[in-house]
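Novice: Provided herewith is a single structure, encoded as C-alpha cells, for subsequent inquiry.
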Amino acid sequence: MAAQLALQDVSLQFGGIKVLREVSFTVEPGSIFGLVGPNGAGKTSLFNCISGHYTPTSGTVRIDGNEVQGARPATLARHGLARTFQHPALQLHATVLENVLLGAHTRLPGGALEWSVRTPRTRRAEKELRAEALELLERNELGWAAHLPADELSHGLHKGVELCRALLMKPQLLLLDEPAAGLPHAEVEHLIATVRRLRAEDDITVVIVEHHMGLIAALTDHVVVLDNGAKLMEGTAAEAQSDPRVIEAYIGKDGADDAA
Ligand SMILES: Nc1ncnc2c1ncn2[C@@H]1O[C@H](COP(=O)(O)OP(=O)(O)OP(=O)(O)O)[C@@H](O)[C@H]1O
Ligand SMILES: [Mg+2]
C-alpha cells in the first residue's frame, strides 16, 4: 500500500533564502503524525508545499502514490487533501454556515455553466451540503453559531469553524496548522478528543503542526522535528522530547518557552 503522504527531498527557496532543505518523510494511512520545531523552522512552509500554496523548488510530494507537487489546492482537494491555517482567514461578514460551505465547492457536481443556470441537480446538491455543514457544526458544538456573522465569534471558535470547513471537503488526509494555539486548557482536551474521533470514526489521516507538546504526546504516533528548514530527527513524541539535538534546537530560540 502506498503511503498516504510521502515527501522526498523537498526544498524551498525564496531568492537566496533556503526555507526548506531536502525534507523527506512518509505518513502511513490511518496515522496521526506530528510536525514540530522552533518558530521559523519551516513547518507552515512545508504545509504550503503539500497543500499547493507553494511549489517546492525541488523534490516530490506524493499523495497515495501520485506526484502532486505544484498542483493547485482545488486539484489536491480531489486527491482527498484538506487543511486548516495557522491564522484562520474567515469571511468575517458572512455567516459561520456560509464560511463552512466555502470548503465544499470541489464536491459539487457540474461545471461553472451548470452552476450559473442552477439546475435541479445543483440545487439538490447545495441543499444536501447545507444539511451536512449544519450537522458538522452541531457535532463540533458550533450549531448555535451557524447563522451568526463570523466576526461575532472568538479566535478560538474561528479555528473550530475552519475545521468544519475542512471536514466538509470529506478529506482522507487533513493538515492542521497549530490548531491548539490560543485555546484554553479545556478546549485543548476537546480538540484531542475531536482529532481521535476523526481517525477512529472517519478514517482520516491527520498531520498536525503544534507547539503544544502535551497535545503532540497525547495524539501522535510519530513526529518529525524540523529545524532551520531541515529534518533534525524523527521518532515518537517521547523520543523527540528527550533528544538532545531537539532540546538544543529550542534553546535560545523563540520556541524555547513553547517547548516546555
Ligand atoms: N513567501 C515567503 N517569502 C520569503 N520567506 C518566507 C516565505 N514564507 C516563509 N518564509 C520564511 O520561511 C521561514 C520559515 O517560516 P514558517 O512560517 O514556515 O515557519 P514555522 O515553522 O511555521 O514557524 P512558526 O512556528 O512561527 O509558525 C521563515 O524564515 C519565513 O520568513
Ligand atoms: Mg507556522
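Going by the C-alpha cells order, chains are called A, B, ..., each with residues numbered from 1, while ligands are numbered from 1 in the order shown.
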Please return as a ChimeraX atom specification the residues found within 10 Å of ligand 2, counting only C-alpha atoms and all ligand atoms.
Specialist: /A:36-48,85-87,177-178,209-211
Novice: So that I can see what lies close to stretch 197-202 of chain A, please list as a PyMOL selection string the residues with an atom at most 8 Å from it, counting only C-alpha atoms and leaving out residues fewer than 5 positions away in the same chain.
Specialist: chain A and resi 30-32
Novice: Determine which residues of stretch 52-190 of chain A receive a DSSP assignment of alpha helix (DSSP H), computed from the backbone, and state them as a PyMOL selection string.
Specialist: chain A and resi 73-78+96-101+112-117+120-139+155-167+185-190
Novice: May I have the residues within 10 Å of stretch 153-167 of chain A as a ChimeraX atom specification, using only C-alpha atoms and disregarding those fewer than 5 positions away in the same chain?
Specialist: /A:77,81-90,92,96-104,133-142,145-146,148,172,174-176,178-184,187,191,198,202,204
Novice: As JSON, numbers by chain, list the residues of stretch 22-115 of chain A assigned to strand (DSSP E) by DSSP on the backbone atoms of this structure.
Specialist: {"A": [22, 23, 24, 25, 26, 27, 32, 33, 34, 35, 36, 58, 59, 60, 61, 62, 63, 66, 67, 81, 82, 83]}
Novice: From the options A:His212, A:His105, A:His185, A:Arg245, which residue's atoms come nearest to ligand 1, counting only C-alpha atoms and all ligand atoms?
Specialist: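 Ranked by minimum distance to ligand 1, first place goes to A:His212.
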Novice: Please indicate the distance in Å from atom 24 (P, counted along the ligand's line) of ligand 1 to atom CA of A:Pro56, rounded to one decimal place.
Specialist: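 So the two atoms, atom 24 (P, counted along the ligand's line) of ligand 1 and atom CA of A:Pro56, lie 18.5 Å apart.
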Novice: With a distance cut-off of 12 Å and only C-alpha atoms, select the neighbouring residues of A:Val10, excluding the residue or stretch itself and same-chain residues fewer than 4 positions from it, and output the selection as a VMD selection string.
Specialist: chain A and resid 6 18 to 25 42 45 to 50 54 to 62 69 to 70 229 to 231
Novice: Mind pulling up the distance from atom CA of A:Glu28 to atom CA of A:Ala3?
Specialist: 5.1 Å
Novice: So which one's closest to ligand 1, A:Ala150, A:Pro120, A:Phe14, A:Leu5? Using only C-alpha atoms and all ligand atoms, please.
Specialist: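 Selected residue with least distance to ligand 1: A:Phe14.
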